[in-house]
Structure formats: structure tokens, C-alpha cells
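**Q** Quick one: the structure is below, questions incoming.
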Amino acid sequence: MAQLNSKSAFLLSALLCVNLYSYSQVAGDEDASMLNKAQQRDQKAMDEARNGWWKNSMKTHDERIQWWRDARFGMFIHWGLYSLPAGEWKGKEVKGYSEHLMRKEKITRTAYLDLAHVFNPVKFNAEEWILTAKNAGMRYFIITAKHHDGFAMYDSKVSDFNVVKQTPFKRDPMAELATAAKKHGMKFGFYYSHAFDWEHPDAPGNDWEYQNPGGDKLIGGANWFDNHPEWLPKAVKYVDEKAIPQIKELINKYHPDIIWFDTPHKLPLSENIKILKAIRDTDPNIVVNGRLARSSSGNFGDYVNTGDRPAELLTVAGDSEAIPTTNESYGYSKHDKSHKSARFFIQLLANSASRGGNLLMNIGPKGDGTFDQKDKQILDSIGGWLKQNGAAIYGTQKGVLPIPAWGVSTQKGQNIYLHVFNWPKDGNLVVGGLKSDVKTAYLLTDKSKKALAVKRLGTSDLNVSLPVNTTASPDVVIVLEVNGKIDGDVARVISPSVSTNRFLVFDAEQHGKKMGYGDGKTDRYFVNGWKSKDSYLTWDLKALKPAKYKVVVKYIADEGGSSYEVNVGDFSKQEEVVASQKGAVVSKEIGVAELGTGPVQLSVKPIAIKGAELMKLLEVQLVPVN
């Protein structure tokens with residue numbers, strides 16, 4: 001996408017839990033912001049890019065990224081030496097991301113090479129991997145050519161720290177995968193860790209062997225490249241002598257369609273921009289994700305990356321991509337049994353497409369080159385659903401309809417696809433916000449396209465009479481063929497025929513002083529930094545029939561004593577914030593709202609704020625009272 005507008009920049013930075021004018025680095029697996037603080041050095045690089053080569057590269061942006069937009073669903077693979085110990089070192093479990101083994105256990109380069117010398121994934125079959133992704137309905141495939149450990153999983157001539165030189169396997173799995181991807185029509189690309197490189201004495205990250213900045217010790221502070229500019233030449237030497245040469249090597253040897261980067265905050269923005277320029281000079285048609293070169297003032301990538309391991313998604317302007325993984329670790333960990341259901345991923349995929357985004361779903365193969373059976377079962381189920389319902393995902397755009405209580409919607413051309421997650425008890429699917437005339441409605445899986453009865457309920461609402469739900473599908477898709485332009489309204493319909501109406505803060509309108517957002521992981525889809533009494537949230541709703549609803553508020557609070565007010569229709573209730581127990585979500589029913597028909601606004605406003613913030617609000621629910 002082009003440079004982010006002000007709203008997009010806010011959404012991106014808020015999602016990453018930072019404001020536009022600050023930056024902080026943290027120890028651990030992830031960094032909160034992954035933005036670079038712009039200094040004079042960085043400003044010069046940005047100006048040169050925006051006034052020259054980057055500006056020119058964006059002239060072909062839409063053409064370059066069109067395949068990616070159409071794909072909507074991709075396979076992400078984290079696979080390397082760390083896959084062999086599989087979350088274990090010297091007989092003990094290593095928690096967290098298994099691909100961070102070298103950092104977590106402070107393993108030296110020499111000891112890590114001992115691991116390479118026994119890495120022999122003889123069961124690896126490139127064609128099987130590509131076909132597994134294709135059969136799961138994935139349209140692109142991205143794999144770790146070099147992760148943070150600095151070990152190249154291909155035949156690199158730049159560094160002998162690679163799979164061909166150091167392992168008994170002796171094969172180039174990246175070459176085999178690139179060939180198989182081309183054979184089977186799969187778009188293909190690489191993850192490359194350009195900033196973290198724990199084996200290289202000049203690169204950021206390794207503070208246990210080389211005492212380099214950018215690691216958990218935070219040597220030199222958060223912005224080490226600004227606090228200690230005398231250290232920067234070392235990192236520049238690494239970028240010039242390893243990172244850029246290896247990236248060019250990958251491009252020239254394997255001709256990838258996409259390159260994926262991460263952790264740009266470990267280098268100054270000027271170096272990240274230099275890397276992007278090298279890519280554009282080498283092949284201007286490669287898609288580059290949004291985690292290579294970005295700052296508070298904009299993103300130089302082709303699209304924005306949003307959440308890692310998300311449970312809920314925030315809508316951002318332009319193209320976006322979220323990266324869930326089947327359990328919690330990206331690399332394979334034999335101790336991680338927290339696999340999510342296929343239902344979870346199917347609904348997350350539909351949710352992502354409804355917001356105009358892609359889902360890049362990660363699998364961590366084993367050290368022997370095979371996939372975990374639990375992962376295969378998830379992929380098989382997703383693939384089965386997509387074989388029947390792929391038209392509602394591939395090539396679709398963000399739905400213009402307001403978010404319904406029963407699921408989400410996508411659209412393509414003059415078709416609207418209604419993704420029904422929660423089947424209405426009375427068999428009546430109320431579609432709110434659609435002003436356009438509907439020509440016909442039918443189940444996407446019904447080859448006969450037997451028409452479902454459609455009744456107009458008003459100028460912007462209609463009812464679709466559903467058949468008896470005999471399927472166990474996590475997402476039943478109904479097609480609405482529309483005459484003319486698809487025209488939508490903004491107000492969300494409150495439904496008395498679903499189990500729960502959920503109103504997430506990710507979808508609320510913010511007023512007053514802006515707040516940040518959590519990262520969307522389970523129980524982390526909240527607003528944070530609610531420090532001002534002028535800040536409040538609203539949702540524009542409407543009720544089509546009178547009904548009663550229990551009002552439930554879900555939040556996390558470090559301490560109690562603050563108070564807030566919830567209003568919806570004639571219902572108004574003030575409540576005191578209750579402190580969470582060990583960070584758990586508080587789910588509190590605060591009363592029953594009796595709503596009539598017509599427009600209604602739901603709001604949450606602070607009354608008194610004690611401590612650091614009011615609370616971390618996740619959602620408000622309206623639960624029908626039968």
C-alpha cells in the first residue's frame with residue numbers, strides 16, 4: 001500500500017500498543033511496536049525514498065500485489081535447526097516460541113553448529129508440503145529461509161552457516177520447494193530475518209556471546225543506534241556483507257513472488273530502507289510485507305501486517321495480513337498441545353476476508369521433515385470447507401455491510417456472501433444495512449441454487465428464510481445476488497434470535513483522547529491507555545423489534561476503584577471496576593436493557609479513573625432474555 005494516511009497510521013500504531021510519537025524496545029519473544037524512531041539519518045533515507053525510487057516503485061504497486069489480494073489465504077512455515085529439539089534443551093522443556101531456542105538458552109554459535117551436524121530431515125518431501133498447502137486451500141507459501149538464529153536453510157554462497165554445508169542432509173530444501181511450488185501453481189516466497197542474526201558477531205541480538213545490542217539485556221538502551229551511533233558501523237557491516245547479499249541471493253536463485261520480514265526495530269529505519277531499495281533494484285515485482293521498513297509516519301511495504309496469533313481482528317485501511325499459528329509456537333514444539341480447532345481458523349479466515357485482509361496461517365513442521373498429525377487434521381478440515389466455499393473468500397473485498405450478530409460478510413462483484421457462524425434459532429436471518437435490491441438468495445453449497453425466500457423489512461434491512469440447519473459447518477455461506485451497486489448502512493442490527501450480540505472495542509468509535517489497542521490475541525483484544533475522562537466508546541445500533549437483553553461487560557483491570565457508565569437506549573448503569581484476578585478477564589452482568597424498535601447507541605464512558613487507567617475493555621454483550 002502507499003504511505004499510510006493519518007487514520008491508518010493511528011490504527012496501525014494503536015494496534016501495536018504504542019502512540020505515534022514514542023518507541024520502546026522490550027525483552028522477550030516479541031516487541032510491542034516494531035516501529036523505528038525517526039532521527040535525522042532516517043529522515044534523509046525517507047525523503048530520498050519518497051521523492052525518488054520508492055515513489056516510482058509504487059506506480060506498479062497494484063499490479064504487483066493483485067495476486068496477493070486475490071489469494072486471501074497462505075501457508076507460513078517456520079522450519080529450521082530448532083525444529084529438531086522441538087522445544088526442549090538438555091532434557092528440559094523450553095517454553096515459548098521454539099524458534100527462539102538459541103536466544104532462550106544462550107546457545108553459542110559453536111554449540112548450535114553441533115545441532116546442525118545432526119540435523120537430517122530425511123522425511124522432507126517438498127512436493128508433499130506444497131500439495132498439503134494447496135489441498136488446504138492456500139494460495140501462497142512462505143518459509144523461513146533464514147530465521148533469527150542466522151542459519152540459512154538453503155545453499156548460501158554468502159555464509160557457510162547453512163543447511164548444505166553444515167548438516168548431513170546436504171540438500172537445498174528451498175530449491176526443492178521453489179520447484180514444487182512452480183509445478184503446482186503456488187505463489188512462493190521467503191521469510192528472511194534481516195535484523196536479528198544471533199550467529200553473526202556484528203548483527204543485533206546476540207548479547208550472551210558477543211554482547212551486542214538488540215537483545216534481552218537491552219545493551220545501549222531501547223534505541224541503541226541513536227544512543228550509541230559509534231556502534232552502528234558494525235550493524236551496517238552485517239547488513240552490507242550478509243543480509244543484503246543473502247536477500248539478493250534468494251531473489252536471483254529462486255525468483256520468489258514475496259519476501260517476508262520481521263523485527264525491524266532492531267535496526268535503524270535507514271538500514272531497513274536501504275534493504276528495501278536493494279530488493280526493488282534487484283526485482284521490482286516482488287511483494288514485500290509491512291515489517292521491513294516502517295515508522296510512525298508511514299509504511300514502505302506493500303501491505304500492513306497486523307496481529308500475531310490473533311483471536312480477534314482490527315480493521316485497518318488498505319491491505320493487511322494477520323499470522324495465526326495452529327498452536328502457540330511458530331516453530332515445532334513437542335510440548336505445545338494447545339492446537340486450536342479448524343472451526344476457529346475457518347471463522348478467522350472469513351473474518352479476515354470480511355475486513356479486506358489476508359490470513360497467513362503458520363505450521364511448524366518437525367525436525368524429520370514431516371507435519372504434526374494435529375496440524376494435518378486442521379489443514380484437511382479447512383481445505384474441505386474451502387473446496388465448497390472458496391468463492392466466498394478468494395478474490396473478495398471487504399464487506400460494506402455492518403457487522404452482523406450471526407457472523408460476517410464478504411463481497412465480490414454483485415455477490416454478497418453471508419458467513420453464518422451462529423445459526424438463528426427461528427430460522428430467520430436478518431441482514432441489516434443492505435439498501436440494494438436482492439435478485440436472489442441461495443446456499444453457496446447448493447449446486448441447484450434453490451432460491452431462499454427474501455423479505456424486505458425496511459429501506460436498509462431484509463430477512464432471509466433459512467432451511468433447517470442440518471450441517472455441522474462452522475461457516476454456512478449464503479449468496480445474495482444484488483442488482484446494481486452494493487449500498488450499505490452503518491448501524492448494526494441487534495438480534496434477539498442469536499445467543500449473544502457481541503460489540504468488540506476493536507469495532508467501536510473512539511471519542512476524545514485516543515486510546516491504544518491490544519494485539520488481538522486471546523483476551524487481548526482490548527483498548528488500553530484509557531487515562532482521560534474525555535475518552536469514550538460508542539457503537540451505532542438499531543433494533544428491529546422490541547426485546548430484552550442482559551448487558552454484560554468484559555474487561556481486564558490491574559486495580560479496582562474506577563467507575564464507568566454503560567448506556568443503551570433507556571438503559572443506563574454506573575458500575576465500579578473490579579480488579580482482575582491474576583490478569584483474568586472480568587465478565588460482569590450489570591443489568592437488563594429493554595429495547596424498543598429503531599436506532600440506538602451503545603456507549604461506555606468513564607465516571608472516575610483511579611490508578612494508571614480506567615480498565616482494559618474488551619467488549620460489551622447484549623444477551624437475549626427469552
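Here, A, B, ... name the chains of the C-alpha cells in the order displayed, residue numbers run from 1 inside each chain, and ligands are numbered from 1 in the same displayed order.
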Can you pull out every residue from stretch 43-289 of chain A that DSSP, working from the backbone, puts in strand (DSSP E), and format the result as a list in words?
**A**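 Here are the strand (DSSP E) residues of stretch 43-289 of chain A: Phe73, Gly74, Met75, Phe76, Ile77, Glu88, Trp89, Lys92, Glu93, Tyr140, Phe141, Ile142, Ile143, Thr144, Ala145, Lys146, Lys187, Phe188, Gly189, Phe190, Tyr191, Tyr192, Ile258, Ile259, Trp260, Val287 and Val288 of chain A.
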**Q** Find the residues around stretch 471-480 of chain A up to 7 Å (only C-alpha atoms counted), leave out those fewer than 6 positions away in its own chain, and share them as number ranges by chain.
**A** A: 343, 347, 415-421, 438, 440-444
**Q** May I have the residues within 10 Å of stretch 552-560 of chain A as a PyMOL selection string, using only C-alpha atoms and disregarding those fewer than 6 positions away in the same chain?
**A** chain A and resi 500+502-504+523-528+566+576-592+604+609-623
**Q** Could you give me, as a list in words, the residues within 8 Å of stretch 241-253 of chain A, counting only C-alpha atoms and dropping anything in the same chain fewer than 2 positions from it?
**A** Ser156, Val158, Ser159, Tyr192, His194, Lys237, Tyr238, Val239, His255, Pro256, Ile275, Ala278, Ile279, Thr282 and Asp283 of chain A
**Q** Can you list, as a PyMOL selection string, all residues belonging to stretch 328-489 of chain A that DSSP tags as helix (DSSP H, G or I)?
**A** chain A and resi 342-354+373-392
**Q** Counting only C-alpha atoms, which residues of stretch 114-174 of chain A sit at most 10 Å from some atom of stretch 78-85 of chain A, and what is each one's closest atom pair with its distance in Å to one decimal, listed by chain and rising residue number, as JSON lines?
**A**
```
{"residue": "A:Leu115", "atom": "CA", "partner": "A:Leu81", "partner_atom": "CA", "distance": 6.8}
{"residue": "A:Ala116", "atom": "CA", "partner": "A:Leu81", "partner_atom": "CA", "distance": 6.2}
{"residue": "A:His117", "atom": "CA", "partner": "A:Leu81", "partner_atom": "CA", "distance": 9.7}
{"residue": "A:Val118", "atom": "CA", "partner": "A:Leu84", "partner_atom": "CA", "distance": 8.9}
{"residue": "A:Phe119", "atom": "CA", "partner": "A:Leu81", "partner_atom": "CA", "distance": 6.6}
{"residue": "A:Asn120", "atom": "CA", "partner": "A:Leu84", "partner_atom": "CA", "distance": 9.0}
{"residue": "A:Pro121", "atom": "CA", "partner": "A:Leu84", "partner_atom": "CA", "distance": 8.7}
{"residue": "A:Ile142", "atom": "CA", "partner": "A:His78", "partner_atom": "CA", "distance": 8.8}
{"residue": "A:Ile143", "atom": "CA", "partner": "A:His78", "partner_atom": "CA", "distance": 6.1}
{"residue": "A:Thr144", "atom": "CA", "partner": "A:His78", "partner_atom": "CA", "distance": 5.5}
{"residue": "A:Ala145", "atom": "CA", "partner": "A:Gly80", "partner_atom": "CA", "distance": 8.5}
{"residue": "A:Lys146", "atom": "CA", "partner": "A:Gly80", "partner_atom": "CA", "distance": 8.1}
{"residue": "A:His147", "atom": "CA", "partner": "A:Gly80", "partner_atom": "CA", "distance": 7.7}
{"residue": "A:Asp149", "atom": "CA", "partner": "A:Leu81", "partner_atom": "CA", "distance": 8.8}
{"residue": "A:Phe151", "atom": "CA", "partner": "A:Gly80", "partner_atom": "CA", "distance": 7.8}
{"residue": "A:Ala152", "atom": "CA", "partner": "A:Gly80", "partner_atom": "CA", "distance": 8.5}
{"residue": "A:Met153", "atom": "CA", "partner": "A:Gly80", "partner_atom": "CA", "distance": 6.7}
{"residue": "A:Val163", "atom": "CA", "partner": "A:Leu81", "partner_atom": "CA", "distance": 8.8}
{"residue": "A:Thr167", "atom": "CA", "partner": "A:Leu81", "partner_atom": "CA", "distance": 9.6}
```
